[in-house]
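Visitor: My structure file query_23.pdb, PDB, C-alpha atoms, pLDDT in the B column, is below:
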ATOM      1  CA  MET A 173       3.896  71.468-123.680  1.00 49.00           C
ATOM      2  CA  ARG A 174       3.402  74.642-121.649  1.00 53.00           C
ATOM      3  CA  ARG A 175       5.476  73.183-118.801  1.00 55.00           C
ATOM      4  CA  LEU A 176       8.250  72.108-121.180  1.00 52.00           C
ATOM      5  CA  GLY A 177       8.286  75.532-122.816  1.00 52.00           C
ATOM      6  CA  LEU A 178       8.458  77.276-119.446  1.00 55.00           C
ATOM      7  CA  LEU A 179      11.292  74.962-118.392  1.00 52.00           C
ATOM      8  CA  VAL A 180      13.320  75.819-121.523  1.00 52.00           C
ATOM      9  CA  ILE A 181      12.715  79.557-120.955  1.00 54.00           C
ATOM     10  CA  PHE A 182      13.655  79.236-117.284  1.00 55.00           C
ATOM     11  CA  ILE A 183      16.924  77.373-117.973  1.00 51.00           C
ATOM     12  CA  PHE A 184      17.964  79.810-120.693  1.00 50.00           C
ATOM     13  CA  GLY A 185      16.874  82.849-118.657  1.00 56.00           C
ATOM     14  CA  VAL A 186      18.828  81.838-115.562  1.00 48.00           C
ATOM     15  CA  SER A 187      21.877  81.060-117.721  1.00 49.00           C
ATOM     16  CA  ALA A 188      21.626  84.476-119.409  1.00 50.00           C
ATOM     17  CA  LEU A 189      21.939  86.183-116.017  1.00 53.00           C
ATOM     18  CA  PHE A 190      25.467  84.794-115.721  1.00 53.00           C
ATOM     19  CA  ALA A 191      26.407  85.293-119.390  1.00 55.00           C
ATOM     20  CA  SER A 192      29.219  87.556-120.537  1.00 74.00           C
ATOM     21  CA  THR A 193      28.027  87.735-124.148  1.00 85.00           C
ATOM     22  CA  CYS A 194      24.641  87.095-125.769  1.00 88.00           C
ATOM     23  CA  ASP A 195      24.044  86.876-129.538  1.00 92.00           C
ATOM     24  CA  PHE A 196      20.462  87.205-130.768  1.00 93.00           C
ATOM     25  CA  ARG A 197      19.395  86.539-134.384  1.00 95.00           C
ATOM     26  CA  GLY A 198      16.202  87.097-136.349  1.00 95.00           C
ATOM     27  CA  SER A 199      16.102  85.322-139.711  1.00 97.00           C
ATOM     28  CA  LEU A 200      13.935  84.345-142.652  1.00 98.00           C
ATOM     29  CA  GLU A 201      13.980  80.618-143.283  1.00 98.00           C
ATOM     30  CA  TRP A 202      13.138  78.204-146.090  1.00 98.00           C
ATOM     31  CA  SER A 203      12.635  74.576-145.100  1.00 98.00           C
ATOM     32  CA  TYR A 204      11.525  71.225-146.475  1.00 98.00           C
ATOM     33  CA  ASP A 205       9.779  68.525-144.403  1.00 97.00           C
ATOM     34  CA  THR A 206       9.537  64.919-145.522  1.00 95.00           C
ATOM     35  CA  ASN A 207       9.313  61.299-144.428  1.00 91.00           C
ATOM     36  CA  ALA A 208      10.057  60.072-147.986  1.00 89.00           C
ATOM     37  CA  PHE A 209      13.712  59.078-148.246  1.00 86.00           C
ATOM     38  CA  SER A 210      13.918  57.234-151.571  1.00 79.00           C
ATOM     39  CA  ASP A 211      13.063  57.806-155.229  1.00 77.00           C
ATOM     40  CA  PRO A 212      11.229  55.778-156.350  1.00 76.00           C
ATOM     41  CA  LEU A 213       9.347  55.227-153.116  1.00 78.00           C
ATOM     42  CA  PRO A 214       9.482  51.742-151.565  1.00 74.00           C
ATOM     43  CA  GLU A 215       7.268  49.000-152.924  1.00 71.00           C
ATOM     44  CA  GLY A 216       6.704  45.319-152.280  1.00 65.00           C
ATOM     45  CA  TYR A 217       5.319  45.561-148.757  1.00 69.00           C
ATOM     46  CA  SER A 218       1.779  44.914-147.612  1.00 68.00           C
ATOM     47  CA  LEU A 219      -0.422  47.854-146.685  1.00 68.00           C
ATOM     48  CA  ASP A 220      -1.347  45.867-143.582  1.00 67.00           C
ATOM     49  CA  SER A 221       2.177  46.466-142.283  1.00 63.00           C
ATOM     50  CA  GLY A 222       1.246  50.073-141.544  1.00 59.00           C
ATOM     51  CA  TYR A 223       4.151  51.543-143.505  1.00 61.00           C
ATOM     52  CA  PRO A 224       4.630  54.394-144.192  1.00 63.00           C
ATOM     53  CA  ASN A 225       3.868  55.772-140.776  1.00 57.00           C
ATOM     54  CA  GLY A 226       0.549  57.605-140.756  1.00 55.00           C
ATOM     55  CA  GLY A 227      -0.479  55.984-144.025  1.00 70.00           C
ATOM     56  CA  GLU A 228       1.203  58.499-146.333  1.00 84.00           C
ATOM     57  CA  PHE A 229       4.438  60.103-147.417  1.00 90.00           C
ATOM     58  CA  LEU A 230       4.665  63.873-147.133  1.00 93.00           C
ATOM     59  CA  LYS A 231       6.691  66.455-149.076  1.00 96.00           C
ATOM     60  CA  ARG A 232       6.126  69.918-147.604  1.00 97.00           C
ATOM     61  CA  GLN A 233       7.871  73.263-148.192  1.00 98.00           C
ATOM     62  CA  ASN A 234       7.758  76.214-145.801  1.00 98.00           C
ATOM     63  CA  ILE A 235       8.712  79.843-145.370  1.00 98.00           C
ATOM     64  CA  GLY A 236       9.419  80.653-141.765  1.00 97.00           C
ATOM     65  CA  LEU A 237      10.583  83.001-139.050  1.00 97.00           C
ATOM     66  CA  HIS A 238      13.627  81.688-137.183  1.00 96.00           C
ATOM     67  CA  LEU A 239      14.718  83.238-133.884  1.00 94.00           C
ATOM     68  CA  SER A 240      17.860  82.004-132.152  1.00 94.00           C
ATOM     69  CA  SER A 241      20.231  83.041-129.410  1.00 92.00           C
ATOM     70  CA  ASP A 242      23.659  81.970-128.147  1.00 93.00           C
ATOM     71  CA  ILE A 243      25.106  82.879-124.779  1.00 91.00           C
ATOM     72  CA  TYR A 244      28.752  82.599-123.687  1.00 91.00           C
ATOM     73  CA  PHE A 245      29.910  82.800-120.086  1.00 85.00           C
ATOM     74  CA  VAL A 246      33.398  83.972-121.121  1.00 83.00           C
ATOM     75  CA  ASP A 247      33.926  86.451-124.004  1.00 78.00           C
ATOM     76  CA  ASP A 248      36.318  84.290-126.026  1.00 82.00           C
ATOM     77  CA  SER A 249      34.823  80.920-125.056  1.00 86.00           C
ATOM     78  CA  ARG A 250      34.415  78.328-127.805  1.00 92.00           C
ATOM     79  CA  ILE A 251      31.431  76.692-126.065  1.00 94.00           C
ATOM     80  CA  GLY A 252      28.129  78.292-125.137  1.00 93.00           C
ATOM     81  CA  LEU A 253      24.428  77.606-124.686  1.00 92.00           C
ATOM     82  CA  SER A 254      22.104  77.973-127.681  1.00 94.00           C
ATOM     83  CA  SER A 255      18.341  78.119-128.160  1.00 93.00           C
ATOM     84  CA  PHE A 256      15.957  78.579-131.088  1.00 95.00           C
ATOM     85  CA  LEU A 257      12.287  79.159-131.883  1.00 94.00           C
ATOM     86  CA  SER A 258      10.980  78.545-135.399  1.00 95.00           C
ATOM     87  CA  PHE A 259       7.572  79.219-136.968  1.00 96.00           C
ATOM     88  CA  ARG A 260       7.215  77.477-140.365  1.00 97.00           C
ATOM     89  CA  PHE A 261       4.354  78.430-142.678  1.00 98.00           C
ATOM     90  CA  PRO A 262       3.625  75.822-145.395  1.00 98.00           C
ATOM     91  CA  TYR A 263       3.183  77.044-148.985  1.00 98.00           C
ATOM     92  CA  SER A 264       3.405  73.682-150.781  1.00 98.00           C
ATOM     93  CA  SER A 265       2.441  70.198-149.615  1.00 97.00           C
ATOM     94  CA  ILE A 266       2.162  66.955-151.558  1.00 96.00           C
ATOM     95  CA  SER A 267       0.927  63.771-149.917  1.00 94.00           C
ATOM     96  CA  ILE A 268       1.693  60.418-151.537  1.00 91.00           C
ATOM     97  CA  ILE A 269      -0.800  57.809-150.380  1.00 87.00           C
ATOM     98  CA  PRO A 270      -0.696  54.044-151.067  1.00 83.00           C
ATOM     99  CA  GLU A 271      -4.115  52.744-152.100  1.00 80.00           C
ATOM    100  CA  GLY A 272      -5.299  49.162-152.512  1.00 74.00           C
ATOM    101  CA  GLU A 273      -5.285  45.943-150.500  1.00 72.00           C
ATOM    102  CA  GLY A 274      -2.570  43.588-149.335  1.00 67.00           C
ATOM    103  CA  TYR A 275       0.274  43.605-151.868  1.00 68.00           C
ATOM    104  CA  ASP A 276      -1.971  44.898-154.675  1.00 71.00           C
ATOM    105  CA  TRP A 277      -1.770  48.678-154.484  1.00 75.00           C
ATOM    106  CA  GLU A 278      -0.301  51.825-156.046  1.00 81.00           C
ATOM    107  CA  TYR A 279       0.606  55.354-154.974  1.00 85.00           C
ATOM    108  CA  ARG A 280      -1.736  58.305-155.401  1.00 88.00           C
ATOM    109  CA  GLU A 281      -0.509  61.913-155.118  1.00 92.00           C
ATOM    110  CA  GLU A 282      -2.653  64.785-153.914  1.00 94.00           C
ATOM    111  CA  ASN A 283      -2.259  68.400-152.902  1.00 97.00           C
ATOM    112  CA  SER A 284      -2.550  68.375-149.105  1.00 95.00           C
ATOM    113  CA  LEU A 285      -1.765  72.036-148.366  1.00 97.00           C
ATOM    114  CA  SER A 286      -5.252  72.646-146.967  1.00 95.00           C
ATOM    115  CA  ARG A 287      -4.610  70.032-144.266  1.00 93.00           C
ATOM    116  CA  GLN A 288      -1.302  71.505-143.112  1.00 96.00           C
ATOM    117  CA  HIS A 289      -0.809  73.822-140.146  1.00 96.00           C
ATOM    118  CA  VAL A 290       1.913  76.234-139.111  1.00 96.00           C
ATOM    119  CA  SER A 291       4.601  74.170-137.406  1.00 96.00           C
ATOM    120  CA  LEU A 292       6.286  75.387-134.238  1.00 95.00           C
ATOM    121  CA  PHE A 293       9.599  74.055-132.939  1.00 96.00           C
ATOM    122  CA  CYS A 294      11.982  75.187-130.215  1.00 94.00           C
ATOM    123  CA  GLY A 295      15.214  73.806-128.853  1.00 94.00           C
ATOM    124  CA  LEU A 296      18.072  74.111-126.393  1.00 93.00           C
ATOM    125  CA  GLY A 297      21.628  72.770-126.360  1.00 95.00           C
ATOM    126  CA  PRO A 298      25.343  73.529-126.628  1.00 96.00           C
ATOM    127  CA  VAL A 299      26.918  75.645-129.361  1.00 96.00           C
ATOM    128  CA  PHE A 300      30.526  75.315-130.513  1.00 97.00           C
ATOM    129  CA  ARG A 301      32.260  78.413-131.935  1.00 96.00           C
ATOM    130  CA  PHE A 302      35.437  79.069-133.890  1.00 95.00           C
ATOM    131  CA  SER A 303      36.368  82.726-134.452  1.00 91.00           C
ATOM    132  CA  ALA A 304      38.518  84.014-137.318  1.00 90.00           C
ATOM    133  CA  GLY A 305      38.623  87.820-137.312  1.00 89.00           C
ATOM    134  CA  PRO A 306      35.134  89.180-138.043  1.00 93.00           C
ATOM    135  CA  VAL A 307      33.739  85.694-138.802  1.00 96.00           C
ATOM    136  CA  ASP A 308      32.370  83.208-136.285  1.00 95.00           C
ATOM    137  CA  ILE A 309      31.804  79.630-137.449  1.00 97.00           C
ATOM    138  CA  LEU A 310      29.073  78.006-135.353  1.00 97.00           C
ATOM    139  CA  LEU A 311      27.751  74.508-134.717  1.00 98.00           C
ATOM    140  CA  PRO A 312      24.705  74.433-132.397  1.00 97.00           C
ATOM    141  CA  ILE A 313      23.446  70.947-131.442  1.00 97.00           C
ATOM    142  CA  ARG A 314      20.081  71.134-129.695  1.00 97.00           C
ATOM    143  CA  LEU A 315      17.291  68.976-128.374  1.00 96.00           C
ATOM    144  CA  SER A 316      14.197  70.064-130.309  1.00 96.00           C
ATOM    145  CA  LEU A 317      10.538  70.006-129.275  1.00 95.00           C
ATOM    146  CA  GLY A 318       7.552  70.989-131.367  1.00 95.00           C
ATOM    147  CA  SER A 319       4.423  70.165-133.299  1.00 95.00           C
ATOM    148  CA  TYR A 320       2.899  70.195-136.777  1.00 95.00           C
ATOM    149  CA  ASP A 321      -0.653  70.724-135.475  1.00 92.00           C
ATOM    150  CA  TRP A 322      -0.355  73.302-132.658  1.00 90.00           C
ATOM    151  CA  PHE A 323       0.090  70.527-130.064  1.00 91.00           C
ATOM    152  CA  THR A 324      -3.391  69.129-130.660  1.00 90.00           C
ATOM    153  CA  SER A 325      -2.304  65.488-130.843  1.00 88.00           C
ATOM    154  CA  GLY A 326       1.031  65.479-129.047  1.00 92.00           C
ATOM    155  CA  ILE A 327       4.637  66.642-129.072  1.00 94.00           C
ATOM    156  CA  VAL A 328       7.471  65.800-131.474  1.00 96.00           C
ATOM    157  CA  VAL A 329      10.981  65.305-130.066  1.00 96.00           C
ATOM    158  CA  GLY A 330      14.197  65.331-132.077  1.00 97.00           C
ATOM    159  CA  VAL A 331      17.710  66.654-132.543  1.00 97.00           C
ATOM    160  CA  SER A 332      18.523  69.889-134.407  1.00 97.00           C
ATOM    161  CA  ILE A 333      21.899  70.788-135.967  1.00 97.00           C
ATOM    162  CA  GLU A 334      22.539  74.242-137.499  1.00 97.00           C
ATOM    163  CA  PRO A 335      26.031  74.830-138.940  1.00 97.00           C
ATOM    164  CA  GLY A 336      26.407  78.512-139.816  1.00 97.00           C
ATOM    165  CA  ILE A 337      28.458  81.686-139.751  1.00 97.00           C
ATOM    166  CA  ASN A 338      28.167  85.150-138.234  1.00 97.00           C
ATOM    167  CA  ILE A 339      29.868  88.015-140.092  1.00 97.00           C
ATOM    168  CA  SER A 340      30.427  91.111-137.953  1.00 95.00           C
ATOM    169  CA  VAL A 341      29.356  94.456-139.423  1.00 96.00           C
ATOM    170  CA  THR A 342      30.024  96.445-136.247  1.00 93.00           C
ATOM    171  CA  ASP A 343      30.893  95.460-132.675  1.00 90.00           C
ATOM    172  CA  THR A 344      27.210  94.839-131.977  1.00 93.00           C
ATOM    173  CA  VAL A 345      25.637  93.956-135.359  1.00 96.00           C
ATOM    174  CA  PHE A 346      26.331  90.931-137.534  1.00 97.00           C
ATOM    175  CA  LEU A 347      24.899  89.068-140.512  1.00 97.00           C
ATOM    176  CA  SER A 348      23.966  85.430-139.989  1.00 97.00           C
ATOM    177  CA  PHE A 349      23.719  82.535-142.469  1.00 98.00           C
ATOM    178  CA  ALA A 350      23.097  78.892-141.638  1.00 98.00           C
ATOM    179  CA  PHE A 351      21.811  75.532-142.775  1.00 97.00           C
ATOM    180  CA  THR A 352      19.314  73.796-140.534  1.00 96.00           C
ATOM    181  CA  TYR A 353      18.683  70.079-140.111  1.00 96.00           C
ATOM    182  CA  ASP A 354      16.134  68.760-137.644  1.00 96.00           C
ATOM    183  CA  ALA A 355      15.608  65.004-137.211  1.00 97.00           C
ATOM    184  CA  HIS A 356      12.159  64.555-135.650  1.00 96.00           C
ATOM    185  CA  LEU A 357      12.571  61.093-134.143  1.00 95.00           C
ATOM    186  CA  MET A 358       9.681  60.545-131.719  1.00 94.00           C
ATOM    187  CA  LYS A 359       6.095  61.703-131.425  1.00 93.00           C
ATOM    188  CA  PHE A 360       4.478  61.423-127.997  1.00 93.00           C
ATOM    189  CA  PHE A 361       0.685  61.578-127.787  1.00 91.00           C
ATOM    190  CA  PHE A 362      -1.426  63.468-125.262  1.00 86.00           C
ATOM    191  CA  SER A 363      -3.341  60.261-124.595  1.00 77.00           C
ATOM    192  CA  THR A 364      -3.154  57.466-122.026  1.00 69.00           C
ATOM    193  CA  ARG A 365      -4.157  54.802-124.566  1.00 80.00           C
ATOM    194  CA  LYS A 366      -1.092  55.261-126.767  1.00 82.00           C
ATOM    195  CA  VAL A 367       2.066  56.861-125.429  1.00 88.00           C
ATOM    196  CA  TYR A 368       4.047  57.327-128.647  1.00 88.00           C
ATOM    197  CA  ASP A 369       3.754  56.829-132.397  1.00 85.00           C
ATOM    198  CA  GLN A 370       5.730  53.698-133.248  1.00 82.00           C
ATOM    199  CA  GLY A 371       8.065  54.113-136.229  1.00 81.00           C
ATOM    200  CA  TYR A 372       7.596  57.880-136.453  1.00 88.00           C
ATOM    201  CA  ILE A 373      10.209  59.916-138.291  1.00 90.00           C
ATOM    202  CA  MET A 374      10.150  63.258-140.106  1.00 94.00           C
ATOM    203  CA  LEU A 375      13.134  65.278-141.285  1.00 96.00           C
ATOM    204  CA  THR A 376      13.402  69.034-141.797  1.00 97.00           C
ATOM    205  CA  ALA A 377      16.190  70.526-143.901  1.00 97.00           C
ATOM    206  CA  GLY A 378      16.589  74.168-144.850  1.00 97.00           C
ATOM    207  CA  ALA A 379      18.570  77.375-144.689  1.00 98.00           C
ATOM    208  CA  TYR A 380      18.162  80.842-143.237  1.00 97.00           C
ATOM    209  CA  ALA A 381      19.654  84.309-143.446  1.00 98.00           C
ATOM    210  CA  GLY A 382      19.193  87.176-141.048  1.00 97.00           C
ATOM    211  CA  VAL A 383      20.597  89.912-138.841  1.00 97.00           C
ATOM    212  CA  GLY A 384      21.955  89.507-135.334  1.00 95.00           C
ATOM    213  CA  PHE A 385      22.783  91.711-132.362  1.00 94.00           C
ATOM    214  CA  ARG A 386      25.451  91.154-129.722  1.00 91.00           C
ATOM    215  CA  PHE A 387      24.940  92.230-126.128  1.00 85.00           C
ATOM    216  CA  GLY A 388      27.695  92.491-123.540  1.00 78.00           C
ATOM    217  CA  GLY A 389      31.326  91.468-123.696  1.00 65.00           C
ATOM    218  CA  GLY A 390      33.867  92.537-126.253  1.00 51.00           C
ATOM    219  CA  ASP A 391      34.705  91.217-129.661  1.00 44.00           C
ATOM    220  CA  ALA A 392      34.133  87.412-129.724  1.00 38.00           C
TER     221      ALA A 392
END
Can the structure in the file be given as structure tokens, please?

Guide:
Amino acid sequence: MRRLGLLVIFIFGVSALFASTCDFRGSLEWSYDTNAFSDPLPEGYSLDSGYPNGGEFLKRQNIGLHLSSDIYFVDDSRIGLSSFLSFRFPYSSISIIPEGEGYDWEYREENSLSRQHVSLFCGLGPVFRFSAGPVDILLPIRLSLGSYDWFTSGIVVGVSIEPGINISVTDTVFLSFAFTYDAHLMKFFFSTRKVYDQGYIMLTAGAYAGVGFRFGGGDA
């Protein structure tokens, strides 16, 4: 993970040297993580099938710190390069665990907050911008990398989308609001016996609000 993190920093750092404008945001975020996508939860399968992945469904809520930055190589460009770093601190976590044998089982719910860790995700990708006076409408689409257990077991790879707006207060200060959606599609293990977690999926949805600063260039 250290090498991947350094690679992301290197790519973004080199790009920033040639940037005309750089927007940096610091935000407070609320988010919800889950691998449960139906209500009621699915039934009628055998526990031997190994579903759900990891043996349980998870419903977790977080408060987090979201840092993001967009760079543009031309002041009025509609396309730039975007990155983010998000720390998510869980405050509520419910695990729903199937118990029994074969097709004879039922779900049991338990508070699993004590087993949760601070999650850390980062990402890099293009951002698309439409400007209308003091308002910028943004759509960053990034490759995301991260972990729910401080990279003890492996690394989670996915795709992050964050539609949002920037509202200029001055030439250099703006307010930022956005929705965040991160599809965590693959988990790769730090082990030679098993390369990836088959059938893994976890989704994060949330929103954030914060303050941003613009460096360089003129009005976007």

Visitor: Name the residues in contact with range 375-379 of chain A at a cut-off of 8 Å, using all atoms listed in the file, excluding same-chain residues fewer than 5 positions from it; report them as a PyMOL selection string.

Guide: chain A and resi 201-207+349-356

Visitor: In Å, how far is it from CA of Phe300 in chain A to CA of Tyr244 in chain A?

Guide: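 Pair CA of Phe300 in chain A / CA of Tyr244 in chain A returns 10.1 Å.
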
Visitor: Output the residue selection produced by the PyMOL selection byres ((chain A and resi 269-271) around 7) on the file above, formatted as an MDAnalysis selection string.

Guide: chainID A and resid 227:229 267:268 272 277:281

Visitor: For the PyMOL selection byres ((chain A and resi 250-257) around 6), applied here, can you spell out every residue it catches as a list in words?

Guide: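 Here the PyMOL selection byres ((chain A and resi 250-257) around 6) matches Leu239, Ser240, Ser241, Asp242, Ile243, Tyr244, Ser249, Ser258, Phe293, Cys294, Gly295, Leu296, Gly297, Pro298, Val299, Phe300 and Arg301 of chain A.
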
Visitor: Of the residues A:Thr344, A:Asp247, A:Ile373, A:Asn234, which is the one nearest to Val290 in chain A, using only C-alpha atoms?

Guide: A:Asn234

Visitor: Please provide as a list in words all residues within 7 Å of range 360-370 of chain A, with the sequence filter that same-chain residues fewer than 3 positions apart are discarded (counting all atoms listed in the file).

Guide: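 Near neighbours after the sequence-gap exclusion: Ser325, Gly326, Ile327 and Val328 of chain A.
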
Visitor: Using all atoms listed in the file, can you tell me which of A:Leu357, A:Gly318, A:Gly198, A:Asn283 comes closest to Gly371 in chain A?

Guide: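 Between A:Leu357, A:Gly318, A:Gly198, A:Asn283, the residue approaching Gly371 in chain A most closely is A:Leu357.
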
Visitor: When you count all atoms listed in the file, which of these residues is closest to Gly388 in chain A: A:Gly330, A:Asp343, A:Ile309, A:Ser319?

Guide: A:Asp343

Visitor: Go through the shown structure with the PyMOL selection byres ((chain A and resi 307) around 9) and write out the matching residues as a count of residues only.

Guide: 11

Visitor: Add whatever atoms are absent from range 315-324 of chain A to reach all heavy atoms, and provide the output as a PDB file, in the coordinates of the input.

Guide:
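So the final result, stored in rebuild04.pdb, reads:
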ATOM      1  N   LEU A 315      18.491  69.782-128.498  1.00 96.00           N
ATOM      2  CA  LEU A 315      17.291  68.976-128.374  1.00 96.00           C
ATOM      3  C   LEU A 315      16.130  69.825-128.865  1.00 96.00           C
ATOM      4  O   LEU A 315      15.984  70.978-128.442  1.00 96.00           O
ATOM      5  CB  LEU A 315      17.059  68.577-126.915  1.00 96.00           C
ATOM      6  CG  LEU A 315      15.714  67.899-126.613  1.00 96.00           C
ATOM      7  CD1 LEU A 315      15.659  66.514-127.243  1.00 96.00           C
ATOM      8  CD2 LEU A 315      15.495  67.806-125.098  1.00 96.00           C
ATOM      9  N   SER A 316      15.311  69.288-129.765  1.00 96.00           N
ATOM     10  CA  SER A 316      14.197  70.064-130.309  1.00 96.00           C
ATOM     11  C   SER A 316      12.863  69.473-129.880  1.00 96.00           C
ATOM     12  O   SER A 316      12.711  68.250-129.747  1.00 96.00           O
ATOM     13  CB  SER A 316      14.259  70.125-131.841  1.00 96.00           C
ATOM     14  OG  SER A 316      13.961  68.870-132.417  1.00 96.00           O
ATOM     15  N   LEU A 317      11.898  70.369-129.650  1.00 95.00           N
ATOM     16  CA  LEU A 317      10.538  70.006-129.275  1.00 95.00           C
ATOM     17  C   LEU A 317       9.585  70.819-130.132  1.00 95.00           C
ATOM     18  O   LEU A 317       9.841  71.992-130.404  1.00 95.00           O
ATOM     19  CB  LEU A 317      10.272  70.314-127.795  1.00 95.00           C
ATOM     20  CG  LEU A 317      11.230  69.736-126.754  1.00 95.00           C
ATOM     21  CD1 LEU A 317      10.924  70.337-125.385  1.00 95.00           C
ATOM     22  CD2 LEU A 317      11.110  68.231-126.700  1.00 95.00           C
ATOM     23  N   GLY A 318       8.483  70.207-130.562  1.00 95.00           N
ATOM     24  CA  GLY A 318       7.552  70.989-131.367  1.00 95.00           C
ATOM     25  C   GLY A 318       6.351  70.195-131.831  1.00 95.00           C
ATOM     26  O   GLY A 318       6.062  69.104-131.322  1.00 95.00           O
ATOM     27  N   SER A 319       5.660  70.772-132.818  1.00 95.00           N
ATOM     28  CA  SER A 319       4.423  70.165-133.299  1.00 95.00           C
ATOM     29  C   SER A 319       4.101  70.664-134.702  1.00 95.00           C
ATOM     30  O   SER A 319       4.456  71.789-135.071  1.00 95.00           O
ATOM     31  CB  SER A 319       3.269  70.512-132.349  1.00 95.00           C
ATOM     32  OG  SER A 319       2.034  70.081-132.881  1.00 95.00           O
ATOM     33  N   TYR A 320       3.411  69.815-135.464  1.00 95.00           N
ATOM     34  CA  TYR A 320       2.899  70.195-136.777  1.00 95.00           C
ATOM     35  C   TYR A 320       1.413  70.562-136.723  1.00 95.00           C
ATOM     36  O   TYR A 320       0.846  70.928-137.755  1.00 95.00           O
ATOM     37  CB  TYR A 320       3.090  69.052-137.782  1.00 95.00           C
ATOM     38  CG  TYR A 320       4.517  68.874-138.237  1.00 95.00           C
ATOM     39  CD1 TYR A 320       5.363  67.943-137.643  1.00 95.00           C
ATOM     40  CD2 TYR A 320       5.029  69.644-139.283  1.00 95.00           C
ATOM     41  CE1 TYR A 320       6.671  67.780-138.064  1.00 95.00           C
ATOM     42  CE2 TYR A 320       6.338  69.488-139.716  1.00 95.00           C
ATOM     43  CZ  TYR A 320       7.150  68.556-139.099  1.00 95.00           C
ATOM     44  OH  TYR A 320       8.454  68.403-139.527  1.00 95.00           O
ATOM     45  N   ASP A 321       0.786  70.448-135.565  1.00 92.00           N
ATOM     46  CA  ASP A 321      -0.653  70.724-135.475  1.00 92.00           C
ATOM     47  C   ASP A 321      -1.017  71.516-134.230  1.00 92.00           C
ATOM     48  O   ASP A 321      -2.062  71.304-133.622  1.00 92.00           O
ATOM     49  CB  ASP A 321      -1.453  69.418-135.533  1.00 92.00           C
ATOM     50  CG  ASP A 321      -1.114  68.462-134.381  1.00 92.00           C
ATOM     51  OD1 ASP A 321      -0.305  68.845-133.502  1.00 92.00           O
ATOM     52  OD2 ASP A 321      -1.648  67.350-134.365  1.00 92.00           O
ATOM     53  N   TRP A 322      -0.115  72.448-133.819  1.00 90.00           N
ATOM     54  CA  TRP A 322      -0.355  73.302-132.658  1.00 90.00           C
ATOM     55  C   TRP A 322      -0.596  72.484-131.391  1.00 90.00           C
ATOM     56  O   TRP A 322      -1.446  72.823-130.573  1.00 90.00           O
ATOM     57  CB  TRP A 322      -1.518  74.260-132.908  1.00 90.00           C
ATOM     58  CG  TRP A 322      -1.188  75.334-133.891  1.00 90.00           C
ATOM     59  CD1 TRP A 322      -1.636  75.435-135.169  1.00 90.00           C
ATOM     60  CD2 TRP A 322      -0.322  76.470-133.696  1.00 90.00           C
ATOM     61  NE1 TRP A 322      -1.108  76.551-135.790  1.00 90.00           N
ATOM     62  CE2 TRP A 322      -0.290  77.202-134.907  1.00 90.00           C
ATOM     63  CE3 TRP A 322       0.441  76.922-132.610  1.00 90.00           C
ATOM     64  CZ2 TRP A 322       0.460  78.352-135.058  1.00 90.00           C
ATOM     65  CZ3 TRP A 322       1.191  78.073-132.760  1.00 90.00           C
ATOM     66  CH2 TRP A 322       1.182  78.776-133.979  1.00 90.00           C
ATOM     67  N   PHE A 323       0.114  71.355-131.264  1.00 91.00           N
ATOM     68  CA  PHE A 323       0.090  70.527-130.064  1.00 91.00           C
ATOM     69  C   PHE A 323      -1.297  69.972-129.767  1.00 91.00           C
ATOM     70  O   PHE A 323      -1.658  69.754-128.615  1.00 91.00           O
ATOM     71  CB  PHE A 323       0.614  71.327-128.859  1.00 91.00           C
ATOM     72  CG  PHE A 323       1.990  71.889-129.085  1.00 91.00           C
ATOM     73  CD1 PHE A 323       2.149  73.221-129.461  1.00 91.00           C
ATOM     74  CD2 PHE A 323       3.116  71.102-128.967  1.00 91.00           C
ATOM     75  CE1 PHE A 323       3.412  73.754-129.687  1.00 91.00           C
ATOM     76  CE2 PHE A 323       4.381  71.622-129.198  1.00 91.00           C
ATOM     77  CZ  PHE A 323       4.532  72.949-129.561  1.00 91.00           C
ATOM     78  N   THR A 324      -2.065  69.732-130.834  1.00 90.00           N
ATOM     79  CA  THR A 324      -3.391  69.129-130.660  1.00 90.00           C
ATOM     80  C   THR A 324      -3.280  67.650-130.315  1.00 90.00           C
ATOM     81  O   THR A 324      -3.972  67.151-129.421  1.00 90.00           O
ATOM     82  CB  THR A 324      -4.225  69.292-131.935  1.00 90.00           C
ATOM     83  OG1 THR A 324      -4.382  70.681-132.228  1.00 90.00           O
ATOM     84  CG2 THR A 324      -5.603  68.652-131.763  1.00 90.00           C
TER      85      THR A 324
END
